[in-house]
Each structure stands twice: as structure tokens, then as C-alpha cells.
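Down below is the structure, laid out as C-alpha cells.
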Amino acid sequence: MERKKFYITTPIYYPSGNWHIGHCYTTVICDALARFHKMLGEEVFFLTGTDEHGQKIEKEAKSRGVTPMEFINPLVAQLKDMWRLLHISYDRFIRTTDEDHVKCVQKIYQKLYESGDIYKAEYSGWYCTPCESMWTEAQLKGGKCPDCGREVTLQKEESYFFRLSKYAPRILKLYEDNPEFLQPKSRINEMVNNFLKPGLQDLCVSRTTVKWGVQLPFDKNHYAYVWIDALSNYITALGYLSGDDSLYKKFWAADLHMVGKEIVRFHAIIWPAILMALGEPVPKRVYGHGWLLIGGDKLSKSKQDKARGELTDPYELVKRYGADAVRYFLLREIPFGSDGEYTNEKLLTRINADLANDLGNLVSRTAAMIAQSFGGKLPARGNAEGADKELIALAEGAFEKVKSAMERLNVPEALSEIFAVVSRANKYIDETTPWILAKDESKKARLGAVLYNLAETERICAILLKPFLTEAPARILESLGCNAEAGFDSLAFGGLKEGTQIQKLTPIFPRIDIQKELAEVDEIVQAKTKEKAKNTKKNEEKTVNEITIDDFAKIELKVGEVTACERVENSDKLLHETVKIGDETRSIVSGIAKYYTPEEMVGKSVVVVTNLKPVKLRGVLSEGMILCAEDKDGNLALVAPEKAMASGGSVR
Ligand code: MSP
């Protein structure tokens, strides 16, 4: 029988560095889902990667004096390292700079151009560089980007447009016919009310000013808009339009695009429209999850600097508490679909309460009692009594509940079902009081049955936990003498064989002294904040003088001719020149008396800043500034056109 397919994707990440725990959220959820579906016996393709083109990268690289690739490569390596630490089991890590991706994006553009869905026109709009998003005047909020609240710049250029407006009715129909398409449900309302109802405009999909991108095959002056380039990754990764599209045929349409809520718009409107235009099926599901917040704000790269005393660095967190603890927190703590507050205290409390206490205790108490009363050999199962039956029923029924939660993508609910069994098992220990049974030789068989039930419940929980935690389940299974590879087909209660040697484990999740740990974390955060402030200052010093072409255009520079010049009274630095600029004559005072005599100045061609606000220097009116070059010792030399130029000519 053909295996069911499951194609799941994360968004591809901007290689921004400065990774924080919020970034890990989408990918850890996808990893748990991918592992779960693999354990169901499905053929899974799990895609993640990096979104490497666009203005933001181009600018960042330039400001550091390196090529975009030199800037990106170490960041991509860091990201991959982070996924390795968190045991992310992706099948492909795609980079939008990968050759196969670039070629495919070009083919996609060509196809859309040939079908008439891409056309040329003049673009004028507001661009938010951090979001790589374009906005109309009406969409801005208080003149700023409506998504992130940052500055936007006006951009005008000849561009290619995608006929997005044409697809609005089909997108609305997609939501109507297929309410599963976009989840949670609230996101549908957001899309309909904020974007579809007000009317979709055609989308500008090429740039001439940003050259760090995919060059369009039908017009070499134009480069692909990063979002089209990025969204395409979901099909380019499968070899769409390539010589070998077997993966595409096998896995498309995606079963799930998991994305943060801020990028739902791109995935639930633009992406399906592009696919419709290509004549391809749309993804089966897009899920827009909520954010990790700090102090009520989205945890983000910039806010991380003032992360209000919280340690958010995934490398540090994994190093301190292990991948399982970080994964568990992300999967369990944030109500799915909603935002969730992140604090170190919450993380530590979760680790202690669920992992160290609930799970850890069950494992260590069971093994200790089997060691003490049965020399470490698993006793016989015995007949089930009242309390046993309840525990067994709960353990046996857990899989269906977990499956149902996972089908609804409710990962926290799935985990809470498993931990309900763990808690029930701990309660069962209190109810059956094995330490009292152990004192009475005549109760040995009953004690054996209790401990068997506990070990077996532990085994079932360990198997169920495998998609979520990547280390502890294998350790638990091995301690129970089971194969760590055990899957969902061995969930029936009673799988453990009597006489199996049960090993004691060092605590799988050592208990953390929360107050002591928080104090240590605080010191780390303070040291990091200081370090960052130092680096930011250094970077700012490097980039503080950077201006845009628009800023430069504000300065009016003209060629002038000095027609008269005299010293300014009581000053050994200043000369007062009369400068002819076209039909105009201006009075200008300059600090060049040490380098030029008034006689030398007369007749010289100079460059003048003509739109400076007039000022009086030593009582003399100065209506502009004559430009000079300055060497490192402060010596000045006039700047002049290299060939004779009539006065009044502009300098650009
Ligand atoms: N490059 C785009 C996606 C293109 S997909 C065709 C992008 N990249 S990102 O690096 O900014 O974000 C990657 C993922 O991290 C997104 O799903 C985003 O929602 C997630 N998170 C970043 N900060 C987050 C939180 N504070 N909380 C939860 N997830 C957030 O967007």
C-alpha cells in the first residue's frame, strides 16, 4: 500500500544572526509534527532554510564592507548549528542562493510573464526595508510601516507587477470552500477584513535598485522581489520545473506551511495567488502561530537587546538545560495559536514541575523500587485491580488523544495528554503505597503488579514523547530494556517482559534551584547586554555617516566664480568672497585665510553649497559654503571642476 505523504515547511529564515528563542518556536513545532507523522508511518518531507536575498542583506553587507555571501555564510552556519543543537530533523535546508532555487525562480517568473500575469508598469510606494514589504500611502499607520511601526521610504521605479487583484475572488472562494486552509480561524477574518475586502492591488514583483536577488530572465535590469523568491522555495526545493520533479510530484501540495502570524498575509494571499497563476494546487493548510512575548512585546532581534533581563539566546539555553527542556517549554507553554509570555522563571518552573518532578520522579521511583524489592528484575504483571484499570485505560487511550490533538495541530494539548498519564501514574504510586506493600512479604505479588504497571506506563509515555523530546525517551526506553527505536505500533499495554533488567538512571532532568539559577542568568544577561552595547556603538560609529541618495539630493551644489575677495576684519582665518553663481551674486565667508590669499582667490572656480541657511560670521553675511578637501593634518585645498565650467552649473 502506498504510504501517506506529509510535506511540512517552516518559513525560511532571514540570516540576521542574533537568534533568539522566538525564532526556534516555528521550527521546533514543525519538528515535533514531522517526527510524529514519521512515527505514524507516513513519508515525511520536512523543509526549512534561509531567505538570503533583498535590500536588507545588501545593505547590511555593504555597511560591513563585505560581499552579501561573505556576510550570510557564517550566519547560515550558525542557524544550522542551532537546529543541530535542537535536534531538528529537516530533510532539506534550502538557501535562496542555491543554484537550483535561483534557476527555478527564474522559470516561475518566465511562466508568469508568458501567461500575462506579470506586466510592466511604474511603481511608486512606501517600502519597509526590515519587513521587505511595500505599502500604499493609505496602508501606512501614522506614516510608518503598519506591521512593525518602523520608518518607510518612498520608492519610485519602473517595475513588473503581478496581477494579484485578479485572484482576490478565487482566494475568498478558497477560504469559503476550504475552511481548513487557513488556521486558526481568527486569521481568516484578519485576511478578509484587512486585505481582501478593502481590495487587493497588483503586487510589484521586481526591483531595479536592489541587485542582490534573482535576475529576471526576460529583463536583466530587474531582480525578483524577495517575497516571491522566498515563497517559491516551497516548490523549488522539490524540483518544480526542473529536470527531476519527482519530489514535487510526490509531495506537493504541502500539507502544512507553519508560519508566524505576521507573515500569514504572504502565505495565505500572495502565495496561493501565485500558485493559481502557475496552474498548480495550493497548499492544504497554512497555520499562523502566535508569538513569544517579553513584557507584552514580540521578542525580536532589536528588542532582544533590551530583553528586560531575560536570557533568550537558544545556544546558551540549550547548553544550560538541554535540548529536551527547551523543546518541551516551547511546545507546551504557549497556548497554540495565541501569543505566550517568555520568562526564564516560566521556563525553569516548567522544567522543574513537569520534567524533573512529574516525569523524572516516575522514572526514578519506579526503577528504585524495582531494584530494592526485585533486584532490578521486572516483576510479573498480575491481575489488574480498580486503580490499575484506570491507569491502564488512561495509558492505552493516550495515543488516540495525542493523535487527535496533533491532527488539530494542538501540540500543547498533545503534551498535556501525555503528562496527564504521567501525573496519574504518580498519583497511582500514592494510592497503592508500594513502600508499605514492600514491608509485607505476603503482598509481594501485588507490589510486583503495581511496579509492572508503573514501568509499563512509563514505557508508553516514553514512546508517546518521542516526537517532542529527542533524548529522554530513548534513555527511558533503554533503562526499561526496550529498543529506543520502539514506535507507535508497540503501544499496547503489557509489552514489557517479566524478568527484564531495569536500570536505574541518573536523573534525566535534574531539579533546578530556581532562585540561584535566576541570579546566575541575570549576571549572564547583564554581561551580554554590556557586550552588545559596546558592539552596537562600534557599528554605529562605522555607519553613522551613511545617508541615502535622497538625503544627498537635498544638498544643492553649484559651480561659482570668485569675483572679489578680502580678509574679514579681526580674523586671521576668514576670507570674505563675492561669488558669481549663474545670474546670482552671493556673499560667502570661508575659513581658508591660512591657505589662500584674497588675490589668489579672485578668478577661481569653486563649488558652493547654495541651499545652506544664511548666517552672519563676524558680522559678515554668508550665503553658502565653498567646498574644500581636508587632509589628516587639517590642510585645506579648494574643490573645483576638473575642466572649465560656466558658473551656475550644478554639481551632482
Ligand atoms: N524570511 C521570512 C519568511 C519567508 S517564508 C517564505 C521571515 N523570516 S524570519 O526570520 O523573520 O522569521 C522566521 C520565523 O520565526 C517566522 O515564522 C517568525 O514568525 C518566527 N519568529 C520570529 N520571532 C518570533 C517570536 N518572537 N515568536 C514566535 N515566532 C517568531 O519572516
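How things are named: the first chain in the C-alpha cells is A, the next is B, and so on; residues count from 1 in each chain; ligands count from 1 in the order shown.
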* Asked: Got a sec to tell me which of region 328-463 of chain A DSSP assigns to helix (DSSP H, G or I), as JSON, numbers by chain?
  -> {"A": [328, 329, 330, 331, 332, 333, 344, 345, 346, 347, 348, 349, 350, 351, 352, 353, 354, 355, 356, 357, 358, 359, 360, 361, 362, 363, 364, 365, 366, 367, 368, 369, 370, 371, 372, 373, 374, 386, 387, 388, 389, 390, 391, 392, 393, 394, 395, 396, 397, 398, 399, 400, 401, 402, 403, 404, 405, 406, 407, 411, 412, 413, 414, 415, 416, 417, 418, 419, 420, 421, 422, 423, 424, 425, 426, 427, 428, 429, 430, 431, 432, 434, 435, 436, 437, 441, 442, 443, 444, 445, 446, 447, 448, 449, 450, 451, 452, 453, 454, 455, 456, 457, 458, 459, 460, 461, 462, 463]}
* **At most 6 Å from ligand 1 (only C-alpha atoms and all ligand atoms): residue list as a list in words** =>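 If we count only C-alpha atoms and all ligand atoms, the neighbours of ligand 1 turn out to be Pro11, Ile12, Tyr13, Tyr14, Gly22, His23, Tyr25, Thr26, Asp51, Ala230, Leu231, Val259, Gly260, Trp291, Leu292, Leu293, Lys298, Leu299 and Ser300 of chain A.
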* To do: Would you mind listing what lies within 7 Å of Gly239 (chain A) as JSON, numbers by chain, with only C-alpha atoms counted and same-chain residues fewer than 6 positions away left out?
  => {"A": [245, 247, 248]}
Put those residues in a file: C-alpha atoms, as a PDB file, in the first residue's frame.
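Written file, out.pdb:
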ATOM      1  CA  ASP A 245      10.464  16.910 -10.429  1.00  0.00           C
ATOM      2  CA  LEU A 247       9.755  15.034  -5.305  1.00  0.00           C
ATOM      3  CA  TYR A 248       7.369  17.714  -6.472  1.00  0.00           C
TER       4      TYR A 248
END
* To do: Name all residues at most 9 Å from Leu278 (chain A) (count only C-alpha atoms; drop same-chain ones fewer than 2 positions away) and give them as a PyMOL selection string.
  => chain A and resi 108+111-112+115+273-276+280-281
Atoms to include: C-alpha atoms. Write the selected residues as a PDB file, in the first residue's frame.
ATOM      1  CA  ILE A 108       8.497  30.716 -12.403  1.00  0.00           C
ATOM      2  CA  LYS A 111       5.990  31.305 -16.855  1.00  0.00           C
ATOM      3  CA  LEU A 112       4.004  34.068 -15.159  1.00  0.00           C
ATOM      4  CA  SER A 115       0.862  33.859 -19.231  1.00  0.00           C
ATOM      5  CA  ALA A 273      -2.442  33.513  -5.944  1.00  0.00           C
ATOM      6  CA  ILE A 274       0.987  32.781  -7.433  1.00  0.00           C
ATOM      7  CA  LEU A 275       0.226  29.069  -7.422  1.00  0.00           C
ATOM      8  CA  MET A 276      -3.169  29.662  -9.045  1.00  0.00           C
ATOM      9  CA  GLU A 280      -0.601  24.486  -9.520  1.00  0.00           C
ATOM     10  CA  PRO A 281      -2.530  23.277  -6.456  1.00  0.00           C
TER      11      PRO A 281
END
Please build the interface table for region 286-337 of chain A against region 71-83 of chain A with a cut-off of 12 Å, listing for each qualifying residue the nearest atom pair and the distance in Å to one decimal; count only C-alpha atoms, order rows by chain and increasing number, and write it as a Markdown table.
| residue | atom | partner | partner_atom | distance |
| --- | --- | --- | --- | --- |
| A:Asp313 | CA | A:Met82 | CA | 10.2 |
| A:Pro314 | CA | A:Met82 | CA | 7.4 |
| A:Tyr315 | CA | A:Met82 | CA | 6.7 |
| A:Glu316 | CA | A:Met82 | CA | 10.5 |
| A:Leu317 | CA | A:Met82 | CA | 11.0 |
| A:Val318 | CA | A:Met82 | CA | 9.3 |
| A:Lys319 | CA | A:Met82 | CA | 11.1 |
| A:Ala323 | CA | A:Trp83 | CA | 10.1 |
| A:Arg327 | CA | A:Trp83 | CA | 11.3 |
Write the residues you've just listed into a file as a PDB file, in the first residue's frame, and include C-alpha atoms for each of them.
ATOM      1  CA  ASP A 313      19.874  33.027  23.459  1.00  0.00           C
ATOM      2  CA  PRO A 314      19.000  29.470  22.320  1.00  0.00           C
ATOM      3  CA  TYR A 315      22.632  28.301  22.381  1.00  0.00           C
ATOM      4  CA  GLU A 316      23.003  29.339  25.994  1.00  0.00           C
ATOM      5  CA  LEU A 317      19.626  27.876  26.964  1.00  0.00           C
ATOM      6  CA  VAL A 318      20.349  24.514  25.366  1.00  0.00           C
ATOM      7  CA  LYS A 319      23.788  24.472  26.960  1.00  0.00           C
ATOM      8  CA  ALA A 323      17.570  20.455  24.083  1.00  0.00           C
ATOM      9  CA  ARG A 327      11.874  21.995  23.172  1.00  0.00           C
TER      10      ARG A 327
END
* Asked: Which residues, written as JSON, numbers by chain, have at least one atom at most 8 Å from region 498-506 of chain A, with only C-alpha atoms counted and residues fewer than 3 positions away on the same chain left out?
  -> {"A": [363, 364, 367, 368, 370, 371, 376, 377, 378, 379, 380, 381, 479, 480, 481]}
* Contact residues around Asn361 (chain A) with only C-alpha atoms at 10 Å, ignoring same-chain residues under 6 positions, as JSON, numbers by chain -> {"A": [354, 355, 367, 422, 426, 507, 508, 509]}
Go ahead and write the residues just picked, C-alpha atoms, as a compact mmCIF listing (two decimals), in the first residue's frame.
# COMPACT_ATOMS: atom_id res chain seq x y z
CA ASP A 354 6.78 18.64 34.55
CA LEU A 355 10.14 17.21 33.63
CA ALA A 367 13.44 1.94 39.00
CA VAL A 422 2.48 10.72 33.92
CA ASN A 426 2.49 9.39 40.22
CA PRO A 507 18.17 11.97 36.98
CA ILE A 508 17.04 12.65 33.41
CA PHE A 509 16.08 16.21 34.36
* For each of A:Tyr321, A:Trp435, A:Tyr234, A:Phe36, take the minimum atom-to-atom distance to Ser373 (chain A), counting only C-alpha atoms, then give the residue where this is smallest. =>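 Of A:Tyr321, A:Trp435, A:Tyr234, A:Phe36, the one nearest Ser373 (chain A), counting only C-alpha atoms, is A:Trp435.
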* Straight-line distance linking CA of Ala405 (chain A) with CA of Asp91 (chain A), stated in Å to one decimal -> 24.2 Å
* Would you please work out which residue, of A:Ile626, A:Cys461, A:Ala387, A:Ala637, is nearest to Ala420 (chain A) when using only C-alpha atoms? => A:Cys461
Using only C-alpha atoms, which residues sit within 10 Å of Arg424 (chain A) once same-chain residues fewer than 6 positions away are excluded, as a PDB file with N, CA and C atoms, in the first residue's frame?
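Output (result.pdb):
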ATOM      1  N   ASP A 358       7.440  15.511  37.715  1.00  0.00           N
ATOM      2  CA  ASP A 358       6.471  14.514  37.230  1.00  0.00           C
ATOM      3  C   ASP A 358       7.157  13.336  36.533  1.00  0.00           C
ATOM      4  N   GLU A 390      -7.831   1.901  35.881  1.00  0.00           N
ATOM      5  CA  GLU A 390      -7.941   3.312  35.478  1.00  0.00           C
ATOM      6  C   GLU A 390      -6.640   3.792  34.821  1.00  0.00           C
ATOM      7  N   LEU A 391      -5.527   3.430  35.457  1.00  0.00           N
ATOM      8  CA  LEU A 391      -4.220   3.835  34.916  1.00  0.00           C
ATOM      9  C   LEU A 391      -4.000   3.212  33.535  1.00  0.00           C
ATOM     10  N   LEU A 394      -6.098   4.802  30.885  1.00  0.00           N
ATOM     11  CA  LEU A 394      -5.592   6.125  30.527  1.00  0.00           C
ATOM     12  C   LEU A 394      -4.359   6.007  29.624  1.00  0.00           C
ATOM     13  N   ALA A 395      -3.443   5.103  30.002  1.00  0.00           N
ATOM     14  CA  ALA A 395      -2.218   4.923  29.217  1.00  0.00           C
ATOM     15  C   ALA A 395      -2.564   4.405  27.819  1.00  0.00           C
ATOM     16  N   ILE A 418      -0.224  13.508  27.398  1.00  0.00           N
ATOM     17  CA  ILE A 418       0.810  12.558  27.839  1.00  0.00           C
ATOM     18  C   ILE A 418       1.125  12.791  29.318  1.00  0.00           C
ATOM     19  N   ASP A 430       0.979   7.029  44.972  1.00  0.00           N
ATOM     20  CA  ASP A 430       0.473   7.455  46.289  1.00  0.00           C
ATOM     21  C   ASP A 430      -0.706   6.591  46.729  1.00  0.00           C
ATOM     22  N   THR A 457       3.571   1.902  32.091  1.00  0.00           N
ATOM     23  CA  THR A 457       3.039   3.243  31.809  1.00  0.00           C
ATOM     24  C   THR A 457       4.179   4.165  31.368  1.00  0.00           C
TER      25      THR A 457
END
* Which distance in Å separates CA of Ala61 (chain A) and CA of Ser124 (chain A), to one decimal? -> 26.0 Å
* Using only C-alpha atoms, pick whichever of A:Ile94, A:Ile334, A:Val210, A:Cys148 has the shortest atom-to-atom distance to Ile57 (chain A). =>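 Among A:Ile94, A:Ile334, A:Val210, A:Cys148, it is A:Val210 that comes nearest to Ile57 (chain A).
Among the candidate residues A:Ala356, A:Glu577, A:Tyr223, A:Asp324, the one lying nearest to Ala474 (chain A) is A:Asp324, with distances computed using only C-alpha atoms.
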* Using DSSP on the backbone coordinates, identify all residues within region 105-134 of chain A classified as strand (DSSP E or B); present the result as a list in words. => Ile118, Tyr119, Lys120, Ala121, Glu122, Tyr123, Ser124, Gly125, Trp126, Tyr127, Cys128, Ser133 and Met134 of chain A
Okay, now the selection with N, CA, C and O atoms, as a PDB file, in the first residue's frame?
ATOM      1  N   ILE A 118       2.271  38.639 -15.208  1.00  0.00           N
ATOM      2  CA  ILE A 118       3.256  39.656 -14.825  1.00  0.00           C
ATOM      3  C   ILE A 118       3.351  40.667 -15.960  1.00  0.00           C
ATOM      4  O   ILE A 118       3.474  40.282 -17.125  1.00  0.00           O
ATOM      5  N   TYR A 119       3.236  41.954 -15.623  1.00  0.00           N
ATOM      6  CA  TYR A 119       3.315  43.015 -16.640  1.00  0.00           C
ATOM      7  C   TYR A 119       4.146  44.176 -16.105  1.00  0.00           C
ATOM      8  O   TYR A 119       4.369  44.281 -14.896  1.00  0.00           O
ATOM      9  N   LYS A 120       4.565  45.064 -17.029  1.00  0.00           N
ATOM     10  CA  LYS A 120       5.453  46.160 -16.638  1.00  0.00           C
ATOM     11  C   LYS A 120       4.665  47.445 -16.392  1.00  0.00           C
ATOM     12  O   LYS A 120       3.746  47.752 -17.153  1.00  0.00           O
ATOM     13  N   ALA A 121       5.013  48.187 -15.341  1.00  0.00           N
ATOM     14  CA  ALA A 121       4.383  49.498 -15.083  1.00  0.00           C
ATOM     15  C   ALA A 121       5.281  50.294 -14.148  1.00  0.00           C
ATOM     16  O   ALA A 121       6.321  49.808 -13.713  1.00  0.00           O
ATOM     17  N   GLU A 122       4.858  51.526 -13.833  1.00  0.00           N
ATOM     18  CA  GLU A 122       5.656  52.348 -12.905  1.00  0.00           C
ATOM     19  C   GLU A 122       5.222  52.073 -11.473  1.00  0.00           C
ATOM     20  O   GLU A 122       4.022  52.051 -11.169  1.00  0.00           O
ATOM     21  N   TYR A 123       6.177  51.854 -10.603  1.00  0.00           N
ATOM     22  CA  TYR A 123       5.837  51.599  -9.202  1.00  0.00           C
ATOM     23  C   TYR A 123       6.146  52.826  -8.355  1.00  0.00           C
ATOM     24  O   TYR A 123       7.199  53.440  -8.475  1.00  0.00           O
ATOM     25  N   SER A 124       5.231  53.166  -7.513  1.00  0.00           N
ATOM     26  CA  SER A 124       5.504  54.214  -6.544  1.00  0.00           C
ATOM     27  C   SER A 124       4.855  53.782  -5.238  1.00  0.00           C
ATOM     28  O   SER A 124       3.664  53.499  -5.191  1.00  0.00           O
ATOM     29  N   GLY A 125       5.642  53.695  -4.206  1.00  0.00           N
ATOM     30  CA  GLY A 125       5.069  53.244  -2.939  1.00  0.00           C
ATOM     31  C   GLY A 125       6.074  53.362  -1.816  1.00  0.00           C
ATOM     32  O   GLY A 125       7.200  53.824  -2.012  1.00  0.00           O
ATOM     33  N   TRP A 126       5.628  52.958  -0.652  1.00  0.00           N
ATOM     34  CA  TRP A 126       6.454  53.086   0.543  1.00  0.00           C
ATOM     35  C   TRP A 126       7.024  51.724   0.887  1.00  0.00           C
ATOM     36  O   TRP A 126       6.308  50.742   0.924  1.00  0.00           O
ATOM     37  N   TYR A 127       8.310  51.705   1.138  1.00  0.00           N
ATOM     38  CA  TYR A 127       8.989  50.435   1.370  1.00  0.00           C
ATOM     39  C   TYR A 127       9.514  50.348   2.797  1.00  0.00           C
ATOM     40  O   TYR A 127      10.154  51.269   3.291  1.00  0.00           O
ATOM     41  N   CYS A 128       9.197  49.218   3.452  1.00  0.00           N
ATOM     42  CA  CYS A 128       9.762  48.980   4.779  1.00  0.00           C
ATOM     43  C   CYS A 128      10.882  47.961   4.591  1.00  0.00           C
ATOM     44  O   CYS A 128      10.630  46.800   4.279  1.00  0.00           O
ATOM     45  N   SER A 133       8.640  44.872   2.784  1.00  0.00           N
ATOM     46  CA  SER A 133       7.235  44.975   2.374  1.00  0.00           C
ATOM     47  C   SER A 133       6.946  46.320   1.750  1.00  0.00           C
ATOM     48  O   SER A 133       7.507  47.331   2.162  1.00  0.00           O
ATOM     49  N   MET A 134       6.036  46.289   0.783  1.00  0.00           N
ATOM     50  CA  MET A 134       5.645  47.546   0.160  1.00  0.00           C
ATOM     51  C   MET A 134       4.257  47.930   0.634  1.00  0.00           C
ATOM     52  O   MET A 134       3.406  47.071   0.825  1.00  0.00           O
TER      53      MET A 134
END
* CA of Cys145 (chain A) to CA of Thr129 (chain A), distance in Å rounded to a single decimal -> 9.6 Å
Each residue of region 238-309 of chain A with at least one atom at most 10 Å from region 175-192 of chain A should appear once, together with its nearest atom pair and the corresponding distance in Å (one decimal); atoms considered: only C-alpha atoms; ordering: chain, then increasing residue number; output as CSV.
residue,atom,partner,partner_atom,distance
A:Asp255,CA,A:Phe181,CA,9.8
A:Leu256,CA,A:Phe181,CA,9.2
A:His257,CA,A:Leu182,CA,9.7
A:Met258,CA,A:Gln183,CA,9.8
A:Lys261,CA,A:Arg187,CA,8.0
A:Val264,CA,A:Arg187,CA,7.8
A:Arg265,CA,A:Met191,CA,6.7
A:His267,CA,A:Leu182,CA,9.3
A:Ala268,CA,A:Leu182,CA,6.9
A:Ile269,CA,A:Met191,CA,7.8
A:Val282,CA,A:Phe181,CA,9.1
A:Pro283,CA,A:Phe181,CA,7.6
A:Lys284,CA,A:Phe181,CA,5.7
A:Arg285,CA,A:Phe181,CA,4.4
A:Val286,CA,A:Leu182,CA,4.9
A:Tyr287,CA,A:Gln183,CA,4.8
A:Gly288,CA,A:Gln183,CA,6.3
A:His289,CA,A:Pro184,CA,7.9
A:Gly290,CA,A:Pro184,CA,9.9
* Which is closest to Phe266 (chain A) among A:Cys131, A:Leu330, A:Thr153, A:Arg365, if we use only C-alpha atoms? ->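 Once distances to Phe266 (chain A) are computed over only C-alpha atoms, the minimum belongs to A:Cys131.
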